[in-house]
>>> print(open('work.cif').read())   # mmCIF, N, CA and C atoms
data_upload
#
loop_
_atom_site.label_atom_id
_atom_site.label_comp_id
_atom_site.auth_asym_id
_atom_site.auth_seq_id
_atom_site.Cartn_x
_atom_site.Cartn_y
_atom_site.Cartn_z
N MET A 1 32.74 -21.37 -43.42
CA MET A 1 31.95 -22.21 -42.53
C MET A 1 30.58 -21.59 -42.34
N LEU A 2 29.53 -22.38 -42.41
CA LEU A 2 28.17 -21.91 -42.23
C LEU A 2 27.69 -22.20 -40.82
N LEU A 3 27.09 -21.20 -40.15
CA LEU A 3 26.55 -21.37 -38.81
C LEU A 3 25.06 -21.06 -38.82
N SER A 4 24.23 -22.06 -38.62
CA SER A 4 22.78 -21.88 -38.52
C SER A 4 22.22 -21.11 -39.70
N GLY A 5 22.73 -21.29 -40.87
CA GLY A 5 22.19 -20.64 -42.06
C GLY A 5 22.76 -19.26 -42.32
N PHE A 6 23.65 -18.74 -41.49
CA PHE A 6 24.25 -17.43 -41.71
C PHE A 6 25.55 -17.64 -42.47
N GLU A 7 25.74 -16.82 -43.49
CA GLU A 7 26.89 -17.05 -44.33
C GLU A 7 28.13 -16.26 -43.90
N THR A 8 27.89 -15.14 -43.18
CA THR A 8 29.07 -14.33 -42.86
C THR A 8 29.16 -14.05 -41.37
N LYS A 9 30.36 -13.77 -40.96
CA LYS A 9 30.60 -13.40 -39.57
C LYS A 9 29.92 -12.07 -39.25
N ALA A 10 29.83 -11.19 -40.21
CA ALA A 10 29.19 -9.87 -40.02
C ALA A 10 27.71 -10.04 -39.70
N GLU A 11 27.05 -10.97 -40.38
CA GLU A 11 25.63 -11.21 -40.10
C GLU A 11 25.44 -11.74 -38.69
N ILE A 12 26.32 -12.62 -38.25
CA ILE A 12 26.24 -13.17 -36.89
C ILE A 12 26.47 -12.05 -35.87
N GLN A 13 27.44 -11.20 -36.11
CA GLN A 13 27.71 -10.09 -35.20
C GLN A 13 26.54 -9.11 -35.15
N LYS A 14 25.92 -8.87 -36.29
CA LYS A 14 24.77 -7.97 -36.34
C LYS A 14 23.62 -8.55 -35.52
N LEU A 15 23.34 -9.82 -35.69
CA LEU A 15 22.28 -10.49 -34.95
C LEU A 15 22.58 -10.48 -33.44
N LEU A 16 23.83 -10.70 -33.09
CA LEU A 16 24.24 -10.68 -31.70
C LEU A 16 24.02 -9.30 -31.09
N LYS A 17 24.38 -8.24 -31.82
CA LYS A 17 24.16 -6.87 -31.32
C LYS A 17 22.66 -6.60 -31.14
N GLU A 18 21.82 -7.06 -32.07
CA GLU A 18 20.37 -6.87 -31.96
C GLU A 18 19.84 -7.56 -30.71
N LYS A 19 20.28 -8.77 -30.47
CA LYS A 19 19.83 -9.52 -29.30
C LYS A 19 20.32 -8.88 -28.00
N GLU A 20 21.56 -8.36 -28.00
CA GLU A 20 22.07 -7.66 -26.82
C GLU A 20 21.25 -6.41 -26.52
N LEU A 21 20.84 -5.69 -27.57
CA LEU A 21 20.00 -4.51 -27.41
C LEU A 21 18.63 -4.89 -26.86
N GLU A 22 18.04 -5.95 -27.38
CA GLU A 22 16.76 -6.44 -26.86
C GLU A 22 16.87 -6.81 -25.38
N LEU A 23 17.95 -7.48 -25.01
CA LEU A 23 18.17 -7.87 -23.62
C LEU A 23 18.32 -6.63 -22.73
N LYS A 24 19.06 -5.63 -23.20
CA LYS A 24 19.24 -4.40 -22.43
C LYS A 24 17.90 -3.70 -22.22
N LYS A 25 17.07 -3.62 -23.26
CA LYS A 25 15.75 -2.99 -23.14
C LYS A 25 14.87 -3.78 -22.17
N ALA A 26 14.92 -5.10 -22.22
CA ALA A 26 14.13 -5.93 -21.31
C ALA A 26 14.57 -5.73 -19.86
N LYS A 27 15.87 -5.59 -19.63
CA LYS A 27 16.37 -5.35 -18.27
C LYS A 27 15.92 -3.99 -17.76
N ILE A 28 15.94 -2.98 -18.62
CA ILE A 28 15.48 -1.65 -18.22
C ILE A 28 14.00 -1.68 -17.87
N GLU A 29 13.19 -2.35 -18.68
CA GLU A 29 11.75 -2.46 -18.41
C GLU A 29 11.49 -3.24 -17.13
N ASP A 30 12.24 -4.30 -16.91
CA ASP A 30 12.10 -5.09 -15.69
C ASP A 30 12.41 -4.23 -14.46
N GLN A 31 13.46 -3.43 -14.53
CA GLN A 31 13.83 -2.56 -13.40
C GLN A 31 12.77 -1.49 -13.17
N ARG A 32 12.19 -0.95 -14.25
CA ARG A 32 11.13 0.05 -14.11
C ARG A 32 9.93 -0.55 -13.38
N ILE A 33 9.55 -1.76 -13.76
CA ILE A 33 8.42 -2.42 -13.11
C ILE A 33 8.73 -2.70 -11.64
N ARG A 34 9.94 -3.15 -11.36
CA ARG A 34 10.33 -3.40 -9.97
C ARG A 34 10.30 -2.12 -9.15
N ASP A 35 10.77 -1.02 -9.73
CA ASP A 35 10.76 0.26 -9.02
C ASP A 35 9.33 0.71 -8.72
N GLU A 36 8.43 0.55 -9.68
CA GLU A 36 7.03 0.93 -9.47
C GLU A 36 6.35 0.05 -8.44
N ALA A 37 6.82 -1.17 -8.28
CA ALA A 37 6.18 -2.11 -7.35
C ALA A 37 6.65 -1.91 -5.92
N LYS A 38 7.68 -1.12 -5.71
CA LYS A 38 8.17 -0.90 -4.36
C LYS A 38 7.14 -0.12 -3.56
N PRO A 39 6.93 -0.51 -2.31
CA PRO A 39 6.00 0.25 -1.48
C PRO A 39 6.46 1.70 -1.31
N VAL A 40 5.49 2.61 -1.37
CA VAL A 40 5.77 4.03 -1.17
C VAL A 40 5.15 4.43 0.16
N GLU A 41 5.96 5.00 1.03
CA GLU A 41 5.43 5.41 2.33
C GLU A 41 4.46 6.58 2.15
N ILE A 42 3.26 6.46 2.77
CA ILE A 42 2.23 7.49 2.66
C ILE A 42 1.71 7.90 4.05
N THR A 43 2.52 7.67 5.06
CA THR A 43 2.10 8.00 6.43
C THR A 43 1.68 9.47 6.54
N SER A 44 2.34 10.35 5.81
CA SER A 44 2.07 11.79 5.93
C SER A 44 0.67 12.19 5.47
N ILE A 45 -0.03 11.36 4.69
CA ILE A 45 -1.37 11.73 4.23
C ILE A 45 -2.48 11.16 5.13
N ILE A 46 -2.08 10.52 6.22
CA ILE A 46 -3.07 9.93 7.14
C ILE A 46 -3.52 10.99 8.15
N GLU A 47 -4.83 11.22 8.19
CA GLU A 47 -5.42 12.14 9.17
C GLU A 47 -6.06 11.31 10.28
N ARG A 48 -5.87 11.75 11.50
CA ARG A 48 -6.52 11.10 12.65
C ARG A 48 -7.61 12.01 13.18
N LEU A 49 -8.64 11.41 13.75
CA LEU A 49 -9.69 12.16 14.44
C LEU A 49 -9.46 11.95 15.94
N GLU A 50 -8.54 12.71 16.48
CA GLU A 50 -8.06 12.52 17.85
C GLU A 50 -9.14 12.77 18.90
N LEU A 51 -10.09 13.65 18.63
CA LEU A 51 -11.16 13.89 19.60
C LEU A 51 -11.99 12.63 19.83
N ILE A 52 -12.25 11.89 18.76
CA ILE A 52 -13.01 10.64 18.91
C ILE A 52 -12.17 9.61 19.64
N GLU A 53 -10.86 9.56 19.35
CA GLU A 53 -9.97 8.65 20.06
C GLU A 53 -10.03 8.94 21.56
N GLU A 54 -9.93 10.21 21.92
CA GLU A 54 -9.96 10.59 23.34
C GLU A 54 -11.27 10.18 24.01
N LYS A 55 -12.39 10.37 23.33
CA LYS A 55 -13.69 9.99 23.90
C LYS A 55 -13.78 8.50 24.20
N LEU A 56 -13.09 7.69 23.37
CA LEU A 56 -13.11 6.24 23.57
C LEU A 56 -12.02 5.77 24.55
N GLY A 57 -11.11 6.64 24.90
CA GLY A 57 -10.04 6.26 25.81
C GLY A 57 -8.92 5.48 25.13
N VAL A 58 -8.67 5.79 23.85
CA VAL A 58 -7.59 5.13 23.10
C VAL A 58 -6.79 6.19 22.34
N ARG A 59 -5.62 5.75 21.89
CA ARG A 59 -4.78 6.59 21.04
C ARG A 59 -4.19 5.68 19.96
N PHE A 60 -4.22 6.14 18.71
CA PHE A 60 -3.59 5.42 17.62
C PHE A 60 -2.14 5.89 17.56
N ASP A 61 -1.21 4.95 17.66
CA ASP A 61 0.20 5.29 17.80
C ASP A 61 1.02 4.43 16.84
N GLY A 62 2.23 4.86 16.54
CA GLY A 62 3.14 4.07 15.70
C GLY A 62 2.58 3.84 14.31
N ILE A 63 1.88 4.80 13.78
CA ILE A 63 1.19 4.64 12.48
C ILE A 63 2.20 4.65 11.34
N TYR A 64 2.05 3.67 10.46
CA TYR A 64 2.91 3.56 9.28
C TYR A 64 2.04 3.11 8.11
N GLY A 65 2.03 3.89 7.04
CA GLY A 65 1.22 3.55 5.87
C GLY A 65 2.06 3.44 4.62
N VAL A 66 1.69 2.48 3.76
CA VAL A 66 2.36 2.32 2.47
C VAL A 66 1.32 2.12 1.37
N LEU A 67 1.74 2.47 0.17
CA LEU A 67 0.94 2.30 -1.04
C LEU A 67 1.74 1.41 -1.98
N VAL A 68 1.09 0.37 -2.53
CA VAL A 68 1.76 -0.54 -3.45
C VAL A 68 0.93 -0.63 -4.72
N LYS A 69 1.56 -0.33 -5.85
CA LYS A 69 0.89 -0.51 -7.15
C LYS A 69 0.87 -1.99 -7.44
N ARG A 70 -0.34 -2.54 -7.68
CA ARG A 70 -0.47 -4.00 -7.82
C ARG A 70 -0.54 -4.49 -9.24
N ALA A 71 -0.84 -3.64 -10.22
CA ALA A 71 -0.99 -4.11 -11.60
C ALA A 71 -0.47 -3.05 -12.56
N TRP A 72 -0.03 -3.47 -13.71
CA TRP A 72 0.47 -2.52 -14.71
C TRP A 72 -0.41 -2.53 -15.94
N ASP A 73 -1.37 -3.42 -16.00
CA ASP A 73 -2.34 -3.45 -17.08
C ASP A 73 -3.64 -2.87 -16.56
N ASN A 74 -4.61 -2.75 -17.41
CA ASN A 74 -5.92 -2.26 -16.95
C ASN A 74 -6.69 -3.41 -16.36
N PRO A 75 -7.38 -3.27 -15.27
CA PRO A 75 -7.39 -2.05 -14.46
C PRO A 75 -6.21 -2.03 -13.49
N ILE A 76 -5.65 -0.87 -13.34
CA ILE A 76 -4.58 -0.66 -12.35
C ILE A 76 -5.25 -0.51 -11.00
N ASP A 77 -4.67 -1.11 -9.99
CA ASP A 77 -5.18 -0.87 -8.64
C ASP A 77 -4.02 -0.74 -7.66
N PHE A 78 -4.34 -0.19 -6.52
CA PHE A 78 -3.34 0.10 -5.50
C PHE A 78 -3.77 -0.53 -4.18
N LEU A 79 -2.81 -1.12 -3.49
CA LEU A 79 -3.04 -1.67 -2.16
C LEU A 79 -2.53 -0.65 -1.16
N ILE A 80 -3.41 -0.26 -0.23
CA ILE A 80 -3.03 0.61 0.87
C ILE A 80 -2.97 -0.26 2.11
N GLU A 81 -1.88 -0.13 2.85
CA GLU A 81 -1.72 -0.91 4.07
C GLU A 81 -1.25 0.04 5.18
N VAL A 82 -2.00 0.04 6.28
CA VAL A 82 -1.66 0.88 7.42
C VAL A 82 -1.50 0.00 8.65
N ASN A 83 -0.35 0.10 9.29
CA ASN A 83 -0.06 -0.62 10.53
C ASN A 83 -0.07 0.40 11.66
N LEU A 84 -0.60 -0.01 12.81
CA LEU A 84 -0.65 0.91 13.95
C LEU A 84 -0.84 0.14 15.24
N ASP A 85 -0.55 0.83 16.32
CA ASP A 85 -0.84 0.32 17.66
C ASP A 85 -2.05 1.07 18.19
N VAL A 86 -2.97 0.32 18.78
CA VAL A 86 -4.09 0.91 19.51
C VAL A 86 -3.68 0.85 20.98
N VAL A 87 -3.54 2.02 21.60
CA VAL A 87 -3.06 2.11 22.97
C VAL A 87 -4.17 2.68 23.84
N GLY A 88 -4.46 1.99 24.93
CA GLY A 88 -5.47 2.48 25.87
C GLY A 88 -4.93 3.63 26.70
N THR A 89 -5.76 4.66 26.89
CA THR A 89 -5.34 5.80 27.70
C THR A 89 -6.02 5.79 29.07
N GLU A 90 -6.88 4.80 29.29
CA GLU A 90 -7.55 4.64 30.58
C GLU A 90 -7.31 3.22 31.07
N ASP A 91 -7.74 2.92 32.31
CA ASP A 91 -7.51 1.59 32.89
C ASP A 91 -8.16 0.48 32.08
N THR A 92 -9.41 0.69 31.67
CA THR A 92 -10.12 -0.33 30.89
C THR A 92 -10.77 0.32 29.69
N LEU A 93 -10.95 -0.48 28.67
CA LEU A 93 -11.66 -0.03 27.47
C LEU A 93 -13.14 -0.29 27.68
N LYS A 94 -13.92 0.76 27.70
CA LYS A 94 -15.34 0.65 28.04
C LYS A 94 -16.18 0.05 26.93
N ARG A 95 -15.79 0.26 25.67
CA ARG A 95 -16.59 -0.20 24.55
C ARG A 95 -15.71 -0.82 23.48
N SER A 96 -16.26 -1.81 22.80
CA SER A 96 -15.59 -2.34 21.62
C SER A 96 -15.75 -1.32 20.49
N PHE A 97 -14.80 -1.32 19.56
CA PHE A 97 -14.91 -0.38 18.44
C PHE A 97 -14.15 -0.91 17.23
N LYS A 98 -14.38 -0.25 16.10
CA LYS A 98 -13.72 -0.61 14.85
C LYS A 98 -12.79 0.52 14.41
N PRO A 99 -11.49 0.33 14.46
CA PRO A 99 -10.60 1.29 13.81
C PRO A 99 -10.89 1.26 12.31
N THR A 100 -11.13 2.41 11.72
CA THR A 100 -11.59 2.49 10.33
C THR A 100 -10.62 3.34 9.52
N LEU A 101 -10.32 2.86 8.32
CA LEU A 101 -9.46 3.58 7.39
C LEU A 101 -10.26 3.88 6.14
N SER A 102 -10.32 5.16 5.75
CA SER A 102 -11.03 5.58 4.54
C SER A 102 -10.07 6.31 3.63
N ALA A 103 -10.18 6.06 2.33
CA ALA A 103 -9.30 6.68 1.33
C ALA A 103 -10.12 7.61 0.44
N TYR A 104 -9.55 8.79 0.14
CA TYR A 104 -10.23 9.81 -0.65
C TYR A 104 -9.35 10.25 -1.81
N ASN A 105 -9.99 10.61 -2.93
CA ASN A 105 -9.24 11.11 -4.09
C ASN A 105 -9.10 12.63 -4.01
N SER A 106 -8.56 13.24 -5.05
CA SER A 106 -8.30 14.69 -5.04
C SER A 106 -9.59 15.51 -5.01
N ALA A 107 -10.72 14.93 -5.43
CA ALA A 107 -12.00 15.63 -5.40
C ALA A 107 -12.71 15.43 -4.06
N GLY A 108 -12.07 14.74 -3.13
CA GLY A 108 -12.68 14.48 -1.83
C GLY A 108 -13.68 13.35 -1.83
N GLN A 109 -13.70 12.57 -2.90
CA GLN A 109 -14.62 11.44 -3.00
C GLN A 109 -14.04 10.22 -2.31
N LEU A 110 -14.91 9.48 -1.65
CA LEU A 110 -14.50 8.26 -0.93
C LEU A 110 -14.21 7.16 -1.95
N LEU A 111 -12.97 6.67 -1.93
CA LEU A 111 -12.56 5.60 -2.85
C LEU A 111 -12.88 4.22 -2.27
N ASN A 112 -12.58 4.06 -0.98
CA ASN A 112 -12.82 2.77 -0.33
C ASN A 112 -12.62 2.95 1.17
N THR A 113 -13.13 1.99 1.93
CA THR A 113 -12.97 2.01 3.38
C THR A 113 -12.89 0.58 3.88
N ASN A 114 -12.21 0.41 5.01
CA ASN A 114 -12.11 -0.91 5.62
C ASN A 114 -11.90 -0.72 7.13
N THR A 115 -12.20 -1.77 7.88
CA THR A 115 -12.10 -1.69 9.33
C THR A 115 -11.38 -2.88 9.91
N SER A 116 -11.00 -2.74 11.16
CA SER A 116 -10.52 -3.83 11.99
C SER A 116 -11.46 -3.88 13.18
N PHE A 117 -11.17 -4.69 14.18
CA PHE A 117 -12.06 -4.79 15.33
C PHE A 117 -11.25 -4.89 16.61
N ILE A 118 -11.60 -4.08 17.59
CA ILE A 118 -10.98 -4.13 18.92
C ILE A 118 -12.08 -4.47 19.91
N HIS A 119 -11.96 -5.63 20.54
CA HIS A 119 -12.96 -6.08 21.52
C HIS A 119 -12.54 -5.61 22.91
N ASN A 120 -13.42 -4.93 23.61
CA ASN A 120 -13.07 -4.33 24.90
C ASN A 120 -12.72 -5.38 25.96
N VAL A 121 -13.34 -6.54 25.92
CA VAL A 121 -13.10 -7.57 26.94
C VAL A 121 -11.67 -8.13 26.84
N ASN A 122 -11.17 -8.32 25.64
CA ASN A 122 -9.84 -8.91 25.44
C ASN A 122 -8.72 -7.88 25.36
N PHE A 123 -9.03 -6.62 25.42
CA PHE A 123 -8.04 -5.56 25.25
C PHE A 123 -7.22 -5.40 26.52
N LEU A 124 -5.90 -5.51 26.41
CA LEU A 124 -5.02 -5.45 27.58
C LEU A 124 -4.19 -4.17 27.63
N GLY A 125 -4.61 -3.15 26.91
CA GLY A 125 -3.91 -1.88 26.96
C GLY A 125 -3.18 -1.50 25.69
N ILE A 126 -2.83 -2.50 24.89
CA ILE A 126 -2.19 -2.22 23.59
C ILE A 126 -2.48 -3.39 22.65
N GLN A 127 -2.72 -3.05 21.39
CA GLN A 127 -2.94 -4.07 20.38
C GLN A 127 -2.45 -3.52 19.04
N SER A 128 -1.63 -4.29 18.35
CA SER A 128 -1.14 -3.90 17.02
C SER A 128 -2.08 -4.46 15.97
N ILE A 129 -2.40 -3.63 14.99
CA ILE A 129 -3.32 -4.06 13.92
C ILE A 129 -2.80 -3.59 12.57
N LYS A 130 -3.38 -4.19 11.53
CA LYS A 130 -3.11 -3.81 10.14
C LYS A 130 -4.45 -3.66 9.46
N ILE A 131 -4.63 -2.56 8.73
CA ILE A 131 -5.83 -2.37 7.93
C ILE A 131 -5.37 -2.21 6.48
N GLN A 132 -5.98 -3.01 5.59
CA GLN A 132 -5.64 -2.96 4.17
C GLN A 132 -6.90 -2.62 3.38
N LEU A 133 -6.68 -1.92 2.25
CA LEU A 133 -7.78 -1.71 1.33
C LEU A 133 -7.24 -1.48 -0.07
N LEU A 134 -8.08 -1.78 -1.05
CA LEU A 134 -7.72 -1.60 -2.45
C LEU A 134 -8.41 -0.36 -2.99
N CYS A 135 -7.72 0.35 -3.86
CA CYS A 135 -8.30 1.53 -4.51
C CYS A 135 -7.96 1.49 -6.00
N ALA A 136 -8.87 2.00 -6.81
CA ALA A 136 -8.65 2.06 -8.25
C ALA A 136 -7.66 3.16 -8.63
N GLU A 137 -7.45 4.11 -7.72
CA GLU A 137 -6.47 5.17 -7.95
C GLU A 137 -5.73 5.43 -6.64
N ALA A 138 -4.58 6.07 -6.76
CA ALA A 138 -3.80 6.40 -5.56
C ALA A 138 -4.54 7.49 -4.79
N PRO A 139 -4.79 7.28 -3.50
CA PRO A 139 -5.53 8.29 -2.73
C PRO A 139 -4.67 9.52 -2.43
N LEU A 140 -5.36 10.64 -2.27
CA LEU A 140 -4.69 11.87 -1.89
C LEU A 140 -4.72 12.05 -0.37
N ARG A 141 -5.71 11.40 0.27
CA ARG A 141 -5.87 11.55 1.71
C ARG A 141 -6.42 10.25 2.29
N LEU A 142 -5.94 9.89 3.48
CA LEU A 142 -6.46 8.76 4.24
C LEU A 142 -6.95 9.30 5.58
N ARG A 143 -8.04 8.76 6.04
CA ARG A 143 -8.58 9.16 7.35
C ARG A 143 -8.66 7.91 8.22
N LEU A 144 -8.10 7.99 9.42
CA LEU A 144 -8.08 6.90 10.38
C LEU A 144 -8.86 7.34 11.61
N TYR A 145 -9.90 6.59 11.95
CA TYR A 145 -10.76 6.99 13.07
C TYR A 145 -11.44 5.77 13.66
N PRO A 146 -11.82 5.85 14.93
CA PRO A 146 -12.54 4.74 15.56
C PRO A 146 -14.07 4.90 15.38
N VAL A 147 -14.74 3.77 15.15
CA VAL A 147 -16.20 3.77 15.04
C VAL A 147 -16.72 2.88 16.17
N VAL A 148 -17.60 3.44 17.01
CA VAL A 148 -18.19 2.69 18.13
C VAL A 148 -19.22 1.72 17.59
N ILE A 149 -19.21 0.54 18.15
CA ILE A 149 -20.16 -0.49 17.74
C ILE A 149 -21.41 -0.41 18.58
#
>>> encode(input="work.cif", output="structure tokens")
Amino acid sequence: MLLSGFETKAEIQKLLKEKELELKKAKIEDQRIRDEAKPVEITSIIERLELIEEKLGVRFDGIYGVLVKRAWDNPIDFLIEVNLDVVGTEDTLKRSFKPTLSAYNSAGQLLNTNTSFIHNVNFLGIQSIKIQLLCAEAPLRLRLYPVVI
């Protein structure tokens, strides 16, 4: 009996084994990509400038940072996302300010920076924020600090 142009059962079995191997390799590659895409916690590389926080009457609390690889082709880039609470340490916030996140490479060069905004009039003592930024390489250090407007 002829099946799709193959004359022997051995040829069909050989083709089946080749396709099973291709499928196994594809599954391994898919899992590798999924593993690389998982967020990696980077909270430990975040530096705070607490003296500036104190001068403004705030404290950055509950800080959590992750790094996500966004592409596997060129150019590769990374999404950095930092979540935190801005907590007032005084009765009222005297000035509006921008919580700022800056990313640095191993040479200490600034890769990228981004800010959020805390308005003193609407601030009720605590506000949760998220700051995101993209970098062409994974940063070695992040700096989180408030900038007075």
>>> residues_around(input="work.cif", residues="range 127-136 of chain A", least_positions_apart="5", cutoff="12 Å", atoms="only C-alpha atoms", output="PyMOL selection string")
chain A and resi 58-71+74-88+93+98-105+109-120+122+142-145
>>> closest_residue(input="work.cif", among="A:Thr89, A:Ala37, A:Leu16, A:Lys24", to="Glu54 in chain A", atoms="all atoms listed in the file")
A:Thr89
>>> residues_near_point(input="work.cif", point="(-19.5, 1.9, 16.6)", cutoff="6 Å", atoms="all atoms listed in the file", output="PyMOL selection string")
chain A and resi 97-98+147-149
>>> write_last_selection(input="work.cif", atoms="N, CA and C atoms", output="short mmCIF file (atom, residue, chain, number, x, y, z; two decimals), in the coordinates of the input")
data_model
loop_
_atom_site.label_atom_id
_atom_site.label_comp_id
_atom_site.auth_asym_id
_atom_site.auth_seq_id
_atom_site.Cartn_x
_atom_site.Cartn_y
_atom_site.Cartn_z
N PHE A 97 -14.80 -1.32 19.56
CA PHE A 97 -14.91 -0.38 18.44
C PHE A 97 -14.15 -0.91 17.23
N LYS A 98 -14.38 -0.25 16.10
CA LYS A 98 -13.72 -0.61 14.85
C LYS A 98 -12.79 0.52 14.41
N VAL A 147 -14.74 3.77 15.15
CA VAL A 147 -16.20 3.77 15.04
C VAL A 147 -16.72 2.88 16.17
N VAL A 148 -17.60 3.44 17.01
CA VAL A 148 -18.19 2.69 18.13
C VAL A 148 -19.22 1.72 17.59
N ILE A 149 -19.21 0.54 18.15
CA ILE A 149 -20.16 -0.49 17.74
C ILE A 149 -21.41 -0.41 18.58
#
>>> select_by_dssp(input="work.cif", residues="chain A", states="helix (DSSP H, G or I)", output="ChimeraX atom specification")
/A:9-37,43-45,50-56
>>> atom_distance(input="work.cif", atom1="CA of Ser106 in chain A", atom2="CA of Glu47 in chain A")
14.7 Å
>>> atom_distance(input="work.cif", atom1="CA of Arg34 in chain A", atom2="CA of Ile46 in chain A")
25.5 Å
>>> atom_distance(input="work.cif", atom1="atom N of Arg141 in chain A", atom2="CA of Gly108 in chain A")
7.9 Å
>>> select_by_dssp(input="work.cif", residues="chain A", states="strand (DSSP E)", output="ChimeraX atom specification")
/A:40-41,46-48,58-69,78-88,97-104,110-115,126-135,141-148
>>> decode(input="work.cif", residues="range 96-133 of chain A", atoms="C-alpha atoms", output="CSV table (one decimal), in the first residue's frame")
chain,number,residue,atom,x,y,z
A,96,SER,CA,5.2,69.1,44.4
A,97,PHE,CA,8.0,66.8,43.1
A,98,LYS,CA,8.9,64.2,40.6
A,99,PRO,CA,10.0,60.8,41.8
A,100,THR,CA,12.8,59.9,39.3
A,101,LEU,CA,14.3,56.6,38.3
A,102,SER,CA,17.6,56.5,36.5
A,103,ALA,CA,19.4,53.4,35.1
A,104,TYR,CA,23.2,53.0,34.8
A,105,ASN,CA,25.4,50.5,33.1
A,106,SER,CA,28.5,48.8,34.5
A,107,ALA,CA,30.6,51.8,33.4
A,108,GLY,CA,28.4,54.2,35.4
A,109,GLN,CA,26.9,55.7,32.3
A,110,LEU,CA,23.3,56.8,32.3
A,111,LEU,CA,21.2,54.5,30.1
A,112,ASN,CA,17.8,56.2,30.6
A,113,THR,CA,15.7,58.1,33.1
A,114,ASN,CA,12.0,58.6,33.7
A,115,THR,CA,9.8,60.4,36.2
A,116,SER,CA,6.3,60.4,37.8
A,117,PHE,CA,4.6,63.4,39.4
A,118,ILE,CA,3.4,64.0,42.9
A,119,HIS,CA,1.2,67.1,43.3
A,120,ASN,CA,1.4,68.5,46.9
A,121,VAL,CA,-2.3,69.8,46.8
A,122,ASN,CA,-3.8,66.4,46.1
A,123,PHE,CA,-1.4,64.4,48.2
A,124,LEU,CA,-3.2,62.7,51.2
A,125,GLY,CA,-0.2,61.1,52.9
A,126,ILE,CA,0.3,58.1,50.6
A,127,GLN,CA,0.3,57.5,46.9
A,128,SER,CA,1.3,54.4,45.0
A,129,ILE,CA,3.1,54.9,41.7
A,130,LYS,CA,4.8,53.0,38.9
A,131,ILE,CA,7.8,54.2,36.9
A,132,GLN,CA,8.8,52.4,33.7
A,133,LEU,CA,11.7,52.9,31.4
